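These notes are about the structure you will find just below.
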Amino acid sequence: SNVAKAVAELAGRPQQALTAVGAITSLPSTALTLQAGEIKYIRSGVLVDDRDYPDFPAWLSRYAGETWTTSPMPSSVGWSAVAYGNGTFVAVSGGSVAKNSTVAATSVDGKAWVARTMPASAQWTAICFGGGVFVAIAREGQIATSSDGITWTLRTPPVITTLCAVTYGNGRFVAVAGGNGPSAVSIVLVSVDGGATWTNHSMPTAQYWGSIAYGNGIFVAVAGLTSSATAVATSIDGVTWTQATMPATAVWRTLAFGAGVFVAAQDSGFSVSKDGKSWSAPALPPNTSSVYVEASIYANRTFVFVSKGGQQAFLSQDGYLWDLVLGVLGTGNGNACAANEAVVVTVGGGGSNIASISPVNLIGIKTYTKYNYLRVK
């Protein structure tokens, strides 16, 4: 009866009769109970966070990221990056197939894409949106800006270096660079005028700084490419940086911010931090031994990390508790993700000519887990 009273109070409805588990008749459902070992779950309609119950059945997936569709891209190039802003998705190319490329594409819904032209032939490695402007960077050091993804302006960087990743925060764009092995660099570029002009600054050490994100008022960059990478650096303004150490020696492939935390991924798993300095490694989903993701986004209160090749996606609400969804994206996707209020879009390299799309409202918690079942002992 106490459980029934709690259910009624939380749900804001009249108290319902609640008899012994297994004999419930008053709760409308086609599956009134679920059995997991010695614990049963009853359908309640009450918001219950299963993270409070670590023994919640592993076979009951928490996420609805299975609903993905594919859409043709305008060219079979290596789509290296995608971003969303000003009502438009913008994708750039320059992957293993395209090498140097002038091919770009725009879409208002992630489904219908139109071919566009970049202002220079390059391996465009990354793109981001901030302050009303798209900024795209290239492996050869080029930087281009656009307000709509259609008309681009080539900018002059203060130094030519291998640009790897770019993000926006604190009213500025920050782009990190890297090389391979002995050609690793300590260069970081900063723009405070919408990408029009850039200044050159130094990272704490020479690394392949492959990923960068902004959140909680700080920039965080992690080193990647080589398996010996353990470096991570933080900065408030993108100019002055402090280096820390990741919890594992690995190739740190992607970094995202959401739910108040930074999440970095490497081949064997994830690492989570609130400040970019202290990191912890959460457990992987059951029966999972590797991750190998390169694309990540935080959308609809959910982290979405997509594997290279696009055959699996890892999802989490807080960066600590993860689920795995298998075989749901188009083959070849997984280089980059972007999202608006309606859909999550991921694009891929290797000559992929499709984008994979999932409705944002289906990237998140399944209704029958967090909202419809209450554990009883």
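In the structure tokens, the first chain shown is A, the next is B, and so on; residue numbers restart at 1 for each chain, and ligands run from 1 in the order shown.
Contact shell of Val222 in chain A at 6 Å (only C-alpha atoms; same-chain neighbours under 5 positions omitted): Trp209, Ser211 and Val232 of chain A.
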Could you take the residues named above and write them with N, CA, C and O atoms, as an mmCIF file, in the first residue's frame?
data_model
loop_
_atom_site.group_PDB
_atom_site.id
_atom_site.type_symbol
_atom_site.label_atom_id
_atom_site.label_comp_id
_atom_site.auth_asym_id
_atom_site.auth_seq_id
_atom_site.Cartn_x
_atom_site.Cartn_y
_atom_site.Cartn_z
ATOM 1 N N TRP A 209 47.042 17.248 -31.368
ATOM 2 C CA TRP A 209 45.830 17.675 -30.654
ATOM 3 C C TRP A 209 44.641 17.462 -31.587
ATOM 4 O O TRP A 209 44.348 18.288 -32.441
ATOM 5 N N SER A 211 41.195 16.644 -30.893
ATOM 6 C CA SER A 211 39.799 16.965 -30.572
ATOM 7 C C SER A 211 39.755 18.118 -29.579
ATOM 8 O O SER A 211 40.645 18.256 -28.727
ATOM 9 N N VAL A 232 46.001 15.870 -22.127
ATOM 10 C CA VAL A 232 44.784 16.666 -22.201
ATOM 11 C C VAL A 232 45.134 18.046 -21.675
ATOM 12 O O VAL A 232 45.972 18.179 -20.777
#
7 Å contact set for range 288-298 of chain A, only C-alpha atoms, chain neighbours under 4 positions out, as a PyMOL selection string
chain A and resi 253-258+265-269+284+302-308+334-338
Spatial neighbours of Val176 in chain A, max dist 9 Å, only C-alpha atoms, sep filter under 2 positions, as a ChimeraX atom specification:
/A:162-166,174,178,186-190,203,208-212,221
Store the residues picked out above in a file with N, CA and C atoms, as a PDB file, in the first residue's frame.
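The resulting file, result_18.pdb, is reproduced below:
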ATOM      1  N   THR A 162      49.010  21.687 -39.644  1.00  0.00           N
ATOM      2  CA  THR A 162      47.948  20.706 -39.822  1.00  0.00           C
ATOM      3  C   THR A 162      46.839  20.974 -38.820  1.00  0.00           C
ATOM      4  N   LEU A 163      45.755  21.589 -39.262  1.00  0.00           N
ATOM      5  CA  LEU A 163      44.633  21.888 -38.376  1.00  0.00           C
ATOM      6  C   LEU A 163      43.733  20.661 -38.237  1.00  0.00           C
ATOM      7  N   CYS A 164      43.408  20.315 -37.001  1.00  0.00           N
ATOM      8  CA  CYS A 164      42.708  19.056 -36.741  1.00  0.00           C
ATOM      9  C   CYS A 164      41.278  19.233 -36.242  1.00  0.00           C
ATOM     10  N   ALA A 165      41.043  20.195 -35.373  1.00  0.00           N
ATOM     11  CA  ALA A 165      39.722  20.339 -34.767  1.00  0.00           C
ATOM     12  C   ALA A 165      39.479  21.788 -34.400  1.00  0.00           C
ATOM     13  N   VAL A 166      38.194  22.176 -34.391  1.00  0.00           N
ATOM     14  CA  VAL A 166      37.831  23.560 -34.081  1.00  0.00           C
ATOM     15  C   VAL A 166      36.534  23.557 -33.290  1.00  0.00           C
ATOM     16  N   VAL A 174      38.376  28.434 -31.520  1.00  0.00           N
ATOM     17  CA  VAL A 174      39.686  27.914 -31.149  1.00  0.00           C
ATOM     18  C   VAL A 174      39.946  26.665 -31.978  1.00  0.00           C
ATOM     19  N   GLY A 178      48.017  19.432 -35.119  1.00  0.00           N
ATOM     20  CA  GLY A 178      48.819  18.267 -34.777  1.00  0.00           C
ATOM     21  C   GLY A 178      49.586  17.752 -35.972  1.00  0.00           C
ATOM     22  N   SER A 186      52.711  22.197 -31.133  1.00  0.00           N
ATOM     23  CA  SER A 186      52.087  22.796 -29.953  1.00  0.00           C
ATOM     24  C   SER A 186      51.306  24.043 -30.339  1.00  0.00           C
ATOM     25  N   ILE A 187      50.775  24.062 -31.554  1.00  0.00           N
ATOM     26  CA  ILE A 187      50.113  25.253 -32.091  1.00  0.00           C
ATOM     27  C   ILE A 187      48.615  25.232 -31.808  1.00  0.00           C
ATOM     28  N   VAL A 188      48.075  26.379 -31.414  1.00  0.00           N
ATOM     29  CA  VAL A 188      46.636  26.590 -31.302  1.00  0.00           C
ATOM     30  C   VAL A 188      46.322  27.971 -31.870  1.00  0.00           C
ATOM     31  N   LEU A 189      45.261  28.059 -32.668  1.00  0.00           N
ATOM     32  CA  LEU A 189      44.866  29.318 -33.290  1.00  0.00           C
ATOM     33  C   LEU A 189      43.559  29.812 -32.676  1.00  0.00           C
ATOM     34  N   VAL A 190      43.464  31.131 -32.478  1.00  0.00           N
ATOM     35  CA  VAL A 190      42.288  31.721 -31.833  1.00  0.00           C
ATOM     36  C   VAL A 190      41.782  32.891 -32.672  1.00  0.00           C
ATOM     37  N   MET A 203      50.266  25.429 -27.196  1.00  0.00           N
ATOM     38  CA  MET A 203      49.797  24.404 -26.276  1.00  0.00           C
ATOM     39  C   MET A 203      50.955  24.047 -25.345  1.00  0.00           C
ATOM     40  N   TYR A 208      49.647  15.583 -31.168  1.00  0.00           N
ATOM     41  CA  TYR A 208      48.615  15.624 -32.208  1.00  0.00           C
ATOM     42  C   TYR A 208      47.321  15.950 -31.473  1.00  0.00           C
ATOM     43  N   TRP A 209      47.042  17.248 -31.368  1.00  0.00           N
ATOM     44  CA  TRP A 209      45.830  17.675 -30.654  1.00  0.00           C
ATOM     45  C   TRP A 209      44.641  17.462 -31.587  1.00  0.00           C
ATOM     46  N   GLY A 210      43.964  16.328 -31.426  1.00  0.00           N
ATOM     47  CA  GLY A 210      42.984  15.901 -32.407  1.00  0.00           C
ATOM     48  C   GLY A 210      41.550  16.290 -32.149  1.00  0.00           C
ATOM     49  N   SER A 211      41.195  16.644 -30.893  1.00  0.00           N
ATOM     50  CA  SER A 211      39.799  16.965 -30.572  1.00  0.00           C
ATOM     51  C   SER A 211      39.755  18.118 -29.579  1.00  0.00           C
ATOM     52  N   ILE A 212      38.697  18.920 -29.685  1.00  0.00           N
ATOM     53  CA  ILE A 212      38.517  20.047 -28.771  1.00  0.00           C
ATOM     54  C   ILE A 212      37.026  20.268 -28.559  1.00  0.00           C
ATOM     55  N   ALA A 221      41.052  20.172 -24.770  1.00  0.00           N
ATOM     56  CA  ALA A 221      41.598  19.523 -25.960  1.00  0.00           C
ATOM     57  C   ALA A 221      42.298  18.241 -25.548  1.00  0.00           C
TER      58      ALA A 221
END
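With only C-alpha atoms as the atoms that count, the minimum distance from Tyr214 in chain A to the choices A:Pro74, A:Pro286, A:Gly276, A:Pro247 is reached by A:Gly276.
Near Lys99 in chain A, within a cut-off of 8 Å and counting only C-alpha atoms, sit the residues Gly78, Ala122 and Gln123 of chain A, with same-chain residues fewer than 6 positions away left out.
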Range 68-307 of chain A: residues DSSP assigns to strand (DSSP E), reported as an NGL selection string:
:A and (69-72 or 79-85 or 88-93 or 101-107 or 114-122 or 124-130 or 133-138 or 143-146 or 153-155 or 163-169 or 172-177 or 185-191 or 199-207 or 209-215 or 218-223 or 231-235 or 242-245 or 254-258 or 261-266 or 269-273 or 293-299 or 302-307)
Using C-alpha atoms, can you write the selected residues to a file as a compact mmCIF listing (two decimals), in the first residue's frame?
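What ended up in part36.txt:
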# COMPACT_ATOMS: atom_id res chain seq x y z
CA THR A 69 17.22 6.23 -41.90
CA THR A 70 19.66 7.03 -44.69
CA SER A 71 19.65 9.85 -47.21
CA PRO A 72 21.85 10.30 -50.33
CA TRP A 79 32.69 13.37 -45.87
CA SER A 80 34.91 14.43 -43.02
CA ALA A 81 32.77 16.80 -40.92
CA VAL A 82 29.29 18.25 -40.48
CA ALA A 83 27.86 21.10 -38.40
CA TYR A 84 24.49 22.80 -37.89
CA GLY A 85 23.70 26.51 -37.61
CA THR A 88 21.31 24.63 -42.11
CA PHE A 89 23.43 21.48 -41.94
CA VAL A 90 26.79 21.94 -43.66
CA ALA A 91 29.09 19.03 -44.54
CA VAL A 92 32.66 19.28 -45.85
CA SER A 93 34.89 16.67 -47.45
CA SER A 101 38.53 18.44 -52.31
CA THR A 102 36.36 21.47 -52.96
CA VAL A 103 33.13 19.53 -52.37
CA ALA A 104 30.71 20.62 -49.66
CA ALA A 105 26.97 20.14 -49.13
CA THR A 106 24.10 21.86 -47.34
CA SER A 107 20.72 20.65 -46.10
CA VAL A 114 22.67 20.28 -52.25
CA ALA A 115 26.27 20.29 -53.49
CA ARG A 116 28.32 23.39 -52.68
CA THR A 117 31.87 24.51 -53.41
CA MET A 118 34.62 25.33 -50.92
CA PRO A 119 36.97 28.25 -51.74
CA ALA A 120 40.07 26.02 -51.96
CA SER A 121 40.98 22.41 -52.68
CA ALA A 122 42.05 20.84 -49.39
CA TRP A 124 38.80 19.83 -44.91
CA THR A 125 39.08 18.13 -41.54
CA ALA A 126 36.55 19.90 -39.32
CA ILE A 127 33.74 22.43 -39.22
CA CYS A 128 31.84 24.16 -36.43
CA PHE A 129 29.25 26.90 -36.00
CA GLY A 130 29.23 29.79 -33.54
CA VAL A 133 29.33 31.85 -38.59
CA PHE A 134 30.54 28.48 -39.90
CA VAL A 135 34.31 27.94 -39.68
CA ALA A 136 35.93 25.11 -41.65
CA ILE A 137 39.58 24.11 -41.25
CA ALA A 138 41.86 21.94 -43.38
CA ILE A 143 40.59 28.31 -42.91
CA ALA A 144 37.27 29.32 -44.48
CA THR A 145 34.20 31.09 -43.09
CA SER A 146 30.57 31.31 -44.19
CA THR A 153 35.59 33.30 -47.71
CA LEU A 154 39.14 31.99 -47.44
CA ARG A 155 40.99 33.43 -44.46
CA LEU A 163 44.63 21.89 -38.38
CA CYS A 164 42.71 19.06 -36.74
CA ALA A 165 39.72 20.34 -34.77
CA VAL A 166 37.83 23.56 -34.08
CA THR A 167 35.18 24.65 -31.60
CA TYR A 168 33.36 27.81 -30.48
CA GLY A 169 32.94 29.17 -26.98
CA ARG A 172 35.77 32.90 -29.93
CA PHE A 173 36.79 30.11 -32.27
CA VAL A 174 39.69 27.91 -31.15
CA ALA A 175 41.43 25.52 -33.55
CA VAL A 176 44.01 22.95 -32.46
CA ALA A 177 46.70 21.37 -34.62
CA VAL A 185 53.09 20.52 -32.82
CA SER A 186 52.09 22.80 -29.95
CA ILE A 187 50.11 25.25 -32.09
CA VAL A 188 46.64 26.59 -31.30
CA LEU A 189 44.87 29.32 -33.29
CA VAL A 190 42.29 31.72 -31.83
CA SER A 191 39.82 34.10 -33.51
CA THR A 199 46.31 34.68 -33.67
CA ASN A 200 48.88 31.98 -32.99
CA HIS A 201 49.41 30.61 -29.46
CA SER A 202 51.08 27.61 -27.82
CA MET A 203 49.80 24.40 -26.28
CA PRO A 204 51.75 23.08 -23.26
CA THR A 205 53.51 20.36 -25.30
CA ALA A 206 53.84 19.20 -28.89
CA GLN A 207 51.13 16.63 -29.56
CA TRP A 209 45.83 17.68 -30.65
CA GLY A 210 42.98 15.90 -32.41
CA SER A 211 39.80 16.97 -30.57
CA ILE A 212 38.52 20.05 -28.77
CA ALA A 213 35.26 21.00 -27.01
CA TYR A 214 33.89 23.85 -24.92
CA GLY A 215 31.71 23.66 -21.82
CA ILE A 218 36.49 26.06 -20.35
CA PHE A 219 38.05 24.69 -23.51
CA VAL A 220 39.32 21.10 -23.35
CA ALA A 221 41.60 19.52 -25.96
CA VAL A 222 42.78 15.91 -26.06
CA ALA A 223 45.66 14.35 -27.96
CA ALA A 231 47.78 14.44 -22.90
CA VAL A 232 44.78 16.67 -22.20
CA ALA A 233 44.85 20.45 -21.83
CA THR A 234 42.41 23.05 -20.52
CA SER A 235 42.01 26.79 -21.07
CA THR A 242 47.29 23.89 -18.61
CA GLN A 243 48.11 20.25 -19.31
CA ALA A 244 46.83 17.22 -17.41
CA THR A 245 46.89 13.46 -17.98
CA THR A 254 36.62 12.28 -30.23
CA LEU A 255 35.41 14.61 -27.48
CA ALA A 256 31.97 16.01 -26.64
CA PHE A 257 30.41 18.15 -23.93
CA GLY A 258 26.94 17.80 -22.43
CA VAL A 261 30.64 16.81 -18.36
CA PHE A 262 33.23 16.23 -21.06
CA VAL A 263 33.30 12.74 -22.58
CA ALA A 264 36.34 11.52 -24.52
CA ALA A 265 36.45 8.23 -26.40
CA GLN A 266 39.26 5.89 -27.37
CA GLY A 269 36.22 2.92 -23.86
CA PHE A 270 35.22 6.33 -22.54
CA SER A 271 36.55 8.82 -20.04
CA VAL A 272 34.48 11.48 -18.26
CA SER A 273 35.43 14.76 -16.57
CA VAL A 293 34.13 5.74 -32.29
CA GLU A 294 35.12 8.93 -34.08
CA ALA A 295 31.86 10.93 -34.20
CA SER A 296 30.04 12.36 -31.21
CA ILE A 297 27.24 14.78 -30.36
CA TYR A 298 25.07 15.70 -27.38
CA ALA A 299 21.40 15.98 -28.39
CA THR A 302 21.80 12.30 -24.69
CA PHE A 303 25.37 11.63 -25.78
CA VAL A 304 25.48 9.90 -29.17
CA PHE A 305 28.86 8.36 -30.09
CA VAL A 306 28.94 6.69 -33.52
CA SER A 307 31.48 4.03 -34.47
